[in-house]
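Visitor: What follows is query_21.csv, CSV, C-alpha atoms and all ligand atoms.
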chain,number,residue,atom,x,y,z
A,1,MET,CA,35.3,-2.3,19.5
A,2,ARG,CA,32.5,-1.1,21.8
A,3,CYS,CA,28.9,-1.1,20.5
A,4,VAL,CA,26.0,0.4,22.4
A,5,LEU,CA,22.5,-1.0,22.0
A,6,ILE,CA,19.7,1.7,22.0
A,7,SER,CA,16.0,1.2,21.6
A,8,SER,CA,12.9,2.7,23.1
A,9,SER,CA,10.7,-0.2,22.0
A,10,LEU,CA,12.8,-3.5,22.1
A,11,ASP,CA,15.3,-5.3,24.4
A,12,LEU,CA,18.0,-5.5,21.7
A,13,ARG,CA,20.3,-7.5,24.0
A,14,ASP,CA,17.6,-10.1,24.5
A,15,TYR,CA,17.0,-10.4,20.7
A,16,PHE,CA,20.5,-10.2,19.4
A,17,GLY,CA,23.0,-10.7,22.3
A,18,ALA,CA,23.7,-14.4,21.8
A,19,GLU,CA,24.1,-14.1,18.0
A,20,LEU,CA,26.3,-11.0,18.3
A,21,ALA,CA,28.6,-12.9,20.6
A,22,ARG,CA,28.8,-15.8,18.1
A,23,ILE,CA,29.2,-13.8,14.8
A,24,ALA,CA,30.8,-10.6,16.1
A,25,PRO,CA,33.0,-11.7,19.0
A,26,ARG,CA,35.3,-8.7,18.6
A,27,VAL,CA,32.4,-6.4,19.3
A,28,GLU,CA,31.9,-5.6,22.9
A,29,VAL,CA,28.3,-4.9,23.6
A,30,VAL,CA,27.4,-2.2,26.2
A,31,ASP,CA,24.0,-1.0,27.3
A,32,HIS,CA,22.9,2.6,26.8
A,33,ALA,CA,22.8,3.1,30.6
A,34,GLY,CA,26.5,2.1,30.9
A,35,GLY,CA,29.7,4.0,30.1
A,36,ALA,CA,29.9,6.1,26.9
A,37,ALA,CA,33.6,6.3,26.4
A,38,ASP,CA,35.1,4.8,23.3
A,39,VAL,CA,31.8,3.7,21.8
A,40,ARG,CA,32.3,3.8,18.0
A,41,LEU,CA,29.3,1.7,17.0
A,42,ALA,CA,25.6,1.6,17.8
A,43,LEU,CA,22.8,-0.8,17.1
A,44,ALA,CA,19.5,1.1,17.2
A,45,TRP,CA,15.8,0.9,16.7
A,46,HIS,CA,13.5,3.7,17.5
A,47,PRO,CA,16.1,5.5,19.5
A,48,PRO,CA,14.9,8.2,22.0
A,49,ASP,CA,15.5,11.8,20.9
A,50,ASP,CA,18.6,12.3,23.0
A,51,ALA,CA,20.0,8.8,22.3
A,52,PHE,CA,23.3,9.8,20.6
A,53,GLU,CA,24.3,12.8,22.7
A,54,ARG,CA,26.6,10.9,25.0
A,55,TYR,CA,28.8,9.2,22.3
A,56,PRO,CA,31.4,11.6,21.0
A,57,ASP,CA,33.4,8.7,19.3
A,58,LEU,CA,30.5,7.3,17.4
A,59,GLN,CA,31.2,6.4,13.8
A,60,ALA,CA,28.3,4.3,12.6
A,61,VAL,CA,24.7,3.5,13.6
A,62,CYS,CA,23.3,0.2,12.4
A,63,SER,CA,19.5,-0.4,12.0
A,64,ILE,CA,18.1,-3.9,12.8
A,65,ALA,CA,16.0,-3.7,9.5
A,66,ALA,CA,16.1,-2.7,5.8
A,67,GLY,CA,14.7,0.7,6.7
A,68,VAL,CA,16.5,3.4,8.6
A,69,ASP,CA,13.8,6.1,8.8
A,70,ASN,CA,13.4,5.9,12.6
A,71,ILE,CA,17.1,6.4,13.1
A,72,MET,CA,17.3,9.3,10.5
A,73,ALA,CA,14.4,11.0,12.5
A,74,CYS,CA,16.4,11.0,15.7
A,75,PRO,CA,17.3,14.7,16.5
A,76,SER,CA,20.6,13.7,18.2
A,77,LEU,CA,22.0,11.7,15.3
A,78,PRO,CA,25.3,13.4,14.5
A,79,PRO,CA,25.5,14.5,10.9
A,80,SER,CA,28.8,12.8,10.2
A,81,VAL,CA,28.1,9.2,11.3
A,82,ASP,CA,27.3,6.5,8.8
A,83,VAL,CA,23.8,5.0,9.0
A,84,VAL,CA,23.8,1.3,8.0
A,85,ARG,CA,20.9,-0.8,7.0
A,86,VAL,CA,20.5,-4.6,6.8
A,87,VAL,CA,20.4,-6.2,3.4
A,88,ASP,CA,19.2,-9.8,3.8
A,89,PRO,CA,18.2,-11.8,0.7
A,90,GLY,CA,16.0,-14.0,2.9
A,91,GLN,CA,13.9,-11.0,3.7
A,92,GLY,CA,13.2,-10.4,0.0
A,93,GLN,CA,12.0,-14.0,-0.3
A,94,MET,CA,9.6,-13.6,2.6
A,95,MET,CA,8.3,-10.3,1.3
A,96,SER,CA,7.8,-11.9,-2.1
A,97,GLY,CA,5.6,-14.6,-0.6
A,98,PHE,CA,3.6,-12.0,1.3
A,99,ILE,CA,3.0,-9.9,-1.8
A,100,ALA,CA,2.1,-12.9,-3.9
A,101,TRP,CA,-0.5,-14.0,-1.2
A,102,HIS,CA,-2.3,-10.7,-1.5
A,103,ALA,CA,-1.9,-10.2,-5.3
A,104,ILE,CA,-3.3,-13.6,-5.9
A,105,GLY,CA,-6.0,-13.1,-3.3
A,106,HIS,CA,-7.2,-10.0,-5.2
A,107,GLN,CA,-6.9,-11.6,-8.6
A,108,ARG,CA,-8.9,-14.8,-7.5
A,109,GLY,CA,-11.3,-13.1,-5.1
A,110,PHE,CA,-10.2,-15.3,-2.1
A,111,ALA,CA,-11.6,-12.8,0.5
A,112,ALA,CA,-15.1,-13.5,-0.9
A,113,PHE,CA,-14.6,-17.3,-0.4
A,114,SER,CA,-13.5,-16.7,3.2
A,115,ALA,CA,-16.7,-14.7,3.8
A,116,GLN,CA,-18.8,-17.4,2.0
A,117,GLN,CA,-17.3,-20.1,4.2
A,118,ARG,CA,-18.4,-18.4,7.3
A,119,ASP,CA,-22.0,-18.6,6.0
A,120,ARG,CA,-21.6,-22.1,4.4
A,121,ILE,CA,-22.2,-20.7,1.0
A,122,TRP,CA,-21.0,-22.7,-2.1
A,123,GLN,CA,-20.7,-20.1,-4.8
A,124,ARG,CA,-18.1,-20.3,-7.6
A,125,GLY,CA,-16.6,-17.1,-8.8
A,126,VAL,CA,-15.3,-15.7,-12.1
A,127,GLN,CA,-11.6,-16.6,-12.1
A,128,ARG,CA,-9.3,-14.2,-13.8
A,129,ARG,CA,-5.8,-15.0,-15.1
A,130,ALA,CA,-2.7,-13.3,-13.6
A,131,GLN,CA,-1.9,-12.1,-17.1
A,132,ASP,CA,-4.9,-9.8,-16.9
A,133,VAL,CA,-3.9,-8.1,-13.5
A,134,PRO,CA,-1.0,-5.7,-14.0
A,135,VAL,CA,1.0,-5.0,-10.9
A,136,GLY,CA,2.9,-1.7,-10.3
A,137,ILE,CA,5.7,-1.8,-7.6
A,138,LEU,CA,6.8,1.5,-6.0
A,139,GLY,CA,10.5,0.8,-5.3
A,140,ASN,CA,12.9,-1.1,-7.5
A,141,GLY,CA,15.6,-1.8,-4.8
A,142,GLU,CA,16.8,-4.9,-3.0
A,143,ILE,CA,13.3,-6.1,-2.0
A,144,GLY,CA,11.3,-4.7,-4.9
A,145,ARG,CA,13.5,-6.4,-7.5
A,146,ARG,CA,13.0,-9.8,-5.9
A,147,VAL,CA,9.2,-9.3,-5.7
A,148,ALA,CA,9.1,-8.3,-9.4
A,149,VAL,CA,10.9,-11.4,-10.5
A,150,ASP,CA,8.7,-13.7,-8.4
A,151,LEU,CA,5.4,-12.0,-9.5
A,152,ALA,CA,6.5,-12.2,-13.1
A,153,HIS,CA,7.1,-16.0,-12.7
A,154,LEU,CA,3.5,-16.2,-11.4
A,155,GLY,CA,2.3,-14.6,-14.6
A,156,PHE,CA,1.6,-11.1,-13.6
A,157,PRO,CA,2.6,-8.2,-15.9
A,158,VAL,CA,5.0,-6.3,-13.6
A,159,MET,CA,6.0,-2.7,-13.7
A,160,SER,CA,8.5,-1.1,-11.3
A,161,TRP,CA,9.0,2.6,-10.3
A,162,SER,CA,12.2,4.1,-8.9
A,163,ARG,CA,13.9,7.5,-8.5
A,164,THR,CA,16.6,6.8,-11.1
A,165,ALA,CA,16.3,5.1,-14.5
A,166,LYS,CA,17.1,1.3,-14.6
A,167,ALA,CA,18.5,-1.0,-17.2
A,168,ILE,CA,16.0,-3.2,-19.1
A,169,SER,CA,14.9,-6.2,-17.0
A,170,SER,CA,13.1,-9.4,-18.1
A,171,ALA,CA,11.0,-9.3,-14.9
A,172,SER,CA,9.4,-5.9,-15.1
A,173,ARG,CA,9.0,-2.7,-17.2
A,174,SER,CA,10.8,0.1,-15.5
A,175,PHE,CA,9.5,3.6,-14.8
A,176,HIS,CA,11.1,6.5,-13.0
A,177,GLY,CA,10.5,10.1,-11.9
A,178,ALA,CA,7.1,11.9,-11.8
A,179,ALA,CA,6.2,11.3,-15.4
A,180,GLY,CA,7.1,7.6,-15.1
A,181,LEU,CA,4.8,7.3,-12.0
A,182,THR,CA,1.8,8.7,-13.9
A,183,ALA,CA,2.5,6.3,-16.8
A,184,MET,CA,2.8,3.3,-14.5
A,185,LEU,CA,-0.2,4.1,-12.4
A,186,GLY,CA,-2.4,4.4,-15.5
A,187,GLU,CA,-1.8,0.7,-16.2
A,188,THR,CA,-1.7,-0.5,-12.5
A,189,GLU,CA,-4.4,-2.7,-10.9
A,190,VAL,CA,-2.4,-4.0,-7.9
A,191,LEU,CA,-0.1,-1.3,-6.4
A,192,VAL,CA,2.7,-2.5,-4.1
A,193,ASN,CA,4.5,0.0,-1.9
A,194,LEU,CA,8.1,-0.9,-1.2
A,195,LEU,CA,9.6,2.5,-0.9
A,196,PRO,CA,11.7,3.8,2.0
A,197,LEU,CA,10.3,6.6,4.1
A,198,THR,CA,11.9,9.9,3.2
A,199,PRO,CA,10.7,13.5,3.0
A,200,GLU,CA,9.9,12.8,-0.8
A,201,THR,CA,7.9,9.7,-0.2
A,202,ARG,CA,5.9,10.7,2.9
A,203,SER,CA,2.1,10.6,2.2
A,204,ILE,CA,2.8,9.4,-1.4
A,205,LEU,CA,-0.2,7.0,-1.1
A,206,ASN,CA,-2.9,9.6,-1.3
A,207,GLY,CA,-6.2,10.3,-3.1
A,208,ASP,CA,-4.5,11.8,-6.1
A,209,LEU,CA,-2.3,8.7,-6.6
A,210,PHE,CA,-5.2,6.3,-6.1
A,211,GLY,CA,-7.2,8.3,-8.6
A,212,ARG,CA,-4.6,7.7,-11.3
A,213,MET,CA,-4.8,3.9,-10.9
A,214,ARG,CA,-7.2,1.6,-12.8
A,215,ARG,CA,-10.6,1.7,-11.1
A,216,GLY,CA,-11.2,-1.2,-8.8
A,217,GLY,CA,-7.5,-1.5,-7.9
A,218,TYR,CA,-5.9,-3.0,-4.9
A,219,LEU,CA,-3.2,-1.6,-2.6
A,220,ILE,CA,-0.5,-3.7,-0.9
A,221,GLN,CA,1.1,-1.4,1.6
A,222,VAL,CA,4.3,-2.8,3.1
A,223,GLY,CA,6.6,0.3,3.2
A,224,ARG,CA,6.0,2.5,6.2
A,225,GLY,CA,2.8,3.8,7.7
A,226,GLU,CA,3.6,7.4,7.1
A,227,HIS,CA,3.5,6.7,3.3
A,228,LEU,CA,-0.3,6.5,3.5
A,229,ALA,CA,-2.8,9.3,3.8
A,230,GLU,CA,-5.3,7.2,5.8
A,231,ALA,CA,-8.5,9.2,5.2
A,232,ASP,CA,-7.7,9.1,1.5
A,233,LEU,CA,-7.6,5.3,1.5
A,234,LEU,CA,-11.0,5.1,3.2
A,235,ALA,CA,-12.4,7.5,0.7
A,236,ALA,CA,-11.0,5.5,-2.2
A,237,LEU,CA,-12.5,2.3,-0.8
A,238,ASP,CA,-15.9,4.0,-0.3
A,239,SER,CA,-15.9,5.4,-3.9
A,240,GLY,CA,-14.9,2.1,-5.4
A,241,GLN,CA,-11.7,3.5,-6.9
A,242,LEU,CA,-10.0,0.8,-4.8
A,243,ALA,CA,-11.5,-2.6,-4.3
A,244,GLY,CA,-9.4,-3.4,-1.3
A,245,ALA,CA,-6.2,-3.0,0.6
A,246,ALA,CA,-3.7,-5.1,2.5
A,247,LEU,CA,-1.9,-3.1,5.1
A,248,ASP,CA,1.1,-4.3,7.1
A,249,VAL,CA,2.5,-1.0,8.4
A,250,PHE,CA,0.8,1.9,10.2
A,251,ALA,CA,1.7,5.4,11.3
A,252,THR,CA,0.9,4.3,14.8
A,253,GLU,CA,2.0,0.7,15.7
A,254,PRO,CA,0.4,-1.2,17.3
A,255,LEU,CA,-2.7,0.0,15.4
A,256,PRO,CA,-5.0,1.5,18.1
A,257,ALA,CA,-8.1,-0.7,18.9
A,258,ALA,CA,-10.5,2.1,17.9
A,259,HIS,CA,-9.0,2.6,14.4
A,260,PRO,CA,-11.5,2.3,11.6
A,261,PHE,CA,-9.1,0.1,9.6
A,262,TRP,CA,-9.6,-2.9,12.0
A,263,ARG,CA,-13.3,-3.4,11.1
A,264,HIS,CA,-13.2,-2.4,7.4
A,265,PRO,CA,-14.6,-5.3,5.3
A,266,ARG,CA,-12.2,-4.6,2.5
A,267,ILE,CA,-9.0,-4.0,4.5
A,268,ALA,CA,-6.7,-6.9,5.4
A,269,ILE,CA,-4.4,-6.2,8.4
A,270,THR,CA,-1.1,-7.8,9.4
A,271,PRO,CA,1.0,-6.6,12.3
A,272,HIS,CA,4.2,-5.4,10.5
A,273,ASP,CA,5.0,-9.0,9.8
A,274,ALA,CA,5.3,-9.1,6.0
A,275,SER,CA,8.9,-10.1,6.3
A,276,ASP,CA,11.7,-10.0,8.8
A,277,VAL,CA,15.5,-9.9,8.7
A,278,SER,CA,17.2,-12.9,10.3
A,279,ILE,CA,19.0,-12.3,13.6
A,280,SER,CA,22.2,-13.6,12.0
A,281,ALA,CA,21.9,-11.0,9.2
A,282,VAL,CA,21.7,-8.2,11.8
A,283,ALA,CA,24.8,-9.6,13.6
A,284,THR,CA,26.7,-10.0,10.3
A,285,THR,CA,25.9,-6.4,9.4
A,286,LEU,CA,27.3,-5.2,12.8
A,287,ALA,CA,30.4,-7.4,12.3
A,288,THR,CA,31.1,-6.1,8.8
A,289,THR,CA,30.4,-2.5,9.9
A,290,ALA,CA,32.9,-2.9,12.8
A,291,ASP,CA,35.5,-4.4,10.3
A,292,ALA,CA,35.0,-1.4,8.0
A,293,ILE,CA,35.5,1.1,10.8
A,294,ARG,CA,38.7,-0.6,11.9
A,295,ALA,CA,39.9,-0.6,8.4
A,296,GLY,CA,39.0,3.1,7.8
A,297,ARG,CA,36.5,2.1,5.1
A,298,ARG,CA,32.8,3.0,4.6
A,299,PRO,CA,30.5,0.2,5.9
A,300,PRO,CA,29.1,-1.9,3.0
A,301,HIS,CA,25.4,-1.0,3.6
A,302,ALA,CA,25.8,2.6,4.7
A,303,ILE,CA,22.9,4.7,3.2
A,304,ASP,CA,23.3,8.0,1.4
A,305,ARG,CA,22.2,10.4,4.1
A,306,ALA,CA,21.4,13.2,1.7
A,307,ARG,CA,18.9,10.9,-0.1
A,308,GLY,CA,17.6,9.4,3.1
A,309,TYR,CA,17.9,5.8,2.1
B,401,LIG,P1,16.2,-0.1,-1.3
B,401,LIG,O1,16.9,1.1,-0.7
B,401,LIG,O2,17.1,-1.2,-1.8
B,401,LIG,O3,15.3,0.4,-2.5
B,401,LIG,C1,14.5,1.5,-2.4
B,401,LIG,C2,13.9,1.8,-3.8
B,401,LIG,O4,13.0,2.9,-3.7
B,401,LIG,C3,14.9,2.1,-4.9
B,401,LIG,O5,14.5,1.5,-6.1
B,401,LIG,C4,14.7,3.7,-5.0
B,401,LIG,O6,15.0,4.2,-6.2
B,401,LIG,C5,13.3,3.8,-4.7
B,401,LIG,N1,13.0,5.2,-4.2
B,401,LIG,C6,13.4,5.8,-3.1
B,401,LIG,N2,13.0,7.1,-3.1
B,401,LIG,C7,12.3,7.3,-4.2
B,401,LIG,C8,11.6,8.4,-4.7
B,401,LIG,N3,11.5,9.6,-4.1
B,401,LIG,N4,10.9,8.2,-5.9
B,401,LIG,C9,11.0,7.0,-6.6
B,401,LIG,N5,11.6,5.9,-6.1
B,401,LIG,C10,12.3,6.1,-4.9
B,401,LIG,O7,15.2,-0.6,-0.2
B,401,LIG,P2,14.6,-2.1,0.1
B,401,LIG,O8,14.1,-2.6,-1.2
B,401,LIG,O9,15.6,-2.9,0.8
B,401,LIG,O10,13.4,-1.7,1.1
B,401,LIG,C11,12.4,-0.8,0.8
B,401,LIG,C12,11.5,-0.5,2.0
B,401,LIG,O11,10.6,-1.6,2.3
B,401,LIG,C13,12.2,-0.3,3.3
B,401,LIG,O12,12.8,1.0,3.4
B,401,LIG,C14,11.1,-0.4,4.3
B,401,LIG,O13,10.4,0.8,4.4
B,401,LIG,C15,10.2,-1.4,3.6
B,401,LIG,N6,10.2,-2.7,4.3
B,401,LIG,C16,9.1,-3.2,5.0
B,401,LIG,C17,9.1,-4.4,5.6
B,401,LIG,C18,7.9,-5.0,6.3
B,401,LIG,O14,8.0,-6.0,6.9
B,401,LIG,N7,6.8,-4.3,6.1
B,401,LIG,C19,10.3,-5.3,5.6
B,401,LIG,C20,11.4,-4.7,4.8
B,401,LIG,C21,11.4,-3.5,4.2
B,401,LIG,P3,16.5,4.1,-6.9
B,401,LIG,O15,16.7,2.6,-7.3
B,401,LIG,O16,16.5,5.0,-8.1
B,401,LIG,O17,17.5,4.5,-5.8
Would you encode the structure as structure tokens?
Ligand code: NDP
Guide:
Amino acid sequence: MRCVLISSSLDLRDYFGAELARIAPRVEVVDHAGGAADVRLALAWHPPDDAFERYPDLQAVCSIAAGVDNIMACPSLPPSVDVVRVVDPGQGQMMSGFIAWHAIGHQRGFAAFSAQQRDRIWQRGVQRRAQDVPVGILGNGEIGRRVAVDLAHLGFPVMSWSRTAKAISSASRSFHGAAGLTAMLGETEVLVNLLPLTPETRSILNGDLFGRMRRGGYLIQVGRGEHLAEADLLAALDSGQLAGAALDVFATEPLPAAHPFWRHPRIAITPHDASDVSISAVATTLATTADAIRAGRRPPHAIDRARGY
């Protein structure tokens, strides 16, 4: 089966070519500039607007990540093709470590110690217990569930919010829908965003939402940059409603050098590196998608296109 690689920002053949040949030997990789006939599969990341116009036989487009928002936003994406995401348990584990780093950093005041070290100041702080710092997680999916379990093991009271109601879990208290969000936010000190970017979740991290959290809260933003109303975050930090924020994703990446986030004393920035899928997980996703197409089945991790995730 022929698979085209399409990205406006990455050399996908350079990243994935060797592993695709090893894990998916029956998939013939072709470049976007090459022939379009008989291409039934695509691996795409930030595809250009006209990316899919030339592939009449296309049946599925695979992302190289858990999120598919940049593929869903492509105007030439045919309505009938499956859009497939990567589900990689190793990614949940990495994300969990990242969230724990920042949640504990807020709980224990580690940023203050870093600042003190620069000035050679020995000043002990007041140490709070994890049990006293409730964490609310937006998103109770593949990654959010793993984060909830690990934070609960560290002693944090964990709450999770999703679109649909969930069965009772020992790791976190579940909330759903608009009323559930209000209830959860009222108890939340550390807010973790692990939502997919869809029309419903765009700009969800805004002044109104911050205002419903406990005063002096902390935001850990690892979803997508477009979830955040940037000016509202700066206002919430200025007013003291939020004590700080860890930001891994941005509406414009790389974050422009002149952006006020870079120099804000209470914002921690990482370059969209909170976690990563493994190259072999991407190759395996492509191989299982090709197998499903050959068998006339839906690919295992095809998203619900009406929902957007
Ligand atoms: P899943 O699709 O497994 O889970 C998504 C969760 O979000 C589900 O619980 C879903 O609810 C919930 N959700 C979606 N829409 C809404 C809504 N309108 N209201 C309430 N809840 C909603 O995704 P993953 O856990 O695999 O990944 C989540 C996101 O994390 C990715 O889409 C990506 O944006 C981000 N990410 C960022 C990374 C980084 O390095 N910064 C790395 C990996 C992922 P329900 O269960 O009811 O369907």
Visitor: Could you please determine the separation between CA of Met159 (chain A) and CA of Val126 (chain A) in Å, to one decimal place?
Guide: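 Taking CA of Met159 (chain A) and CA of Val126 (chain A), their separation equals 25.0 Å.
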Visitor: Choose the residue, out of A:Ala251, A:Ala33, A:Ala44, A:Leu5, that has the smallest atom-to-atom separation from Glu230 (chain A); count all atoms listed in the file.
Guide: A:Ala251
Visitor: 6 Å from ligand LIG 401 (chain B) is the threshold here; counting all atoms listed in the file, which polymer residues fall inside it? Answer as number ranges by chain.
Guide: A: 66-67, 139-144, 161-164, 194-197, 200-201, 222-224, 248-249, 272-276, 309
Visitor: Work out how far apart CA of Leu12 (chain A) and CA of Ile64 (chain A) are and give it in Å to one decimal.
Guide: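 Going from CA of Leu12 (chain A) over to CA of Ile64 (chain A), I get 9.0 Å.
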Visitor: As a ChimeraX atom specification, please: the residues near Met184 (chain A) (cut-off 9 Å, only C-alpha atoms, same-chain neighbours under 3 positions excluded).
Guide: /A:136,159-161,174-175,179-181,187-188,213
Visitor: Using only C-alpha atoms, which residue out of A:Leu255, A:Leu185, A:Gln221, A:Ile267 lies closest to Leu237 (chain A)?
Guide: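 Between A:Leu255, A:Leu185, A:Gln221, A:Ile267, the residue approaching Leu237 (chain A) most closely is A:Ile267.
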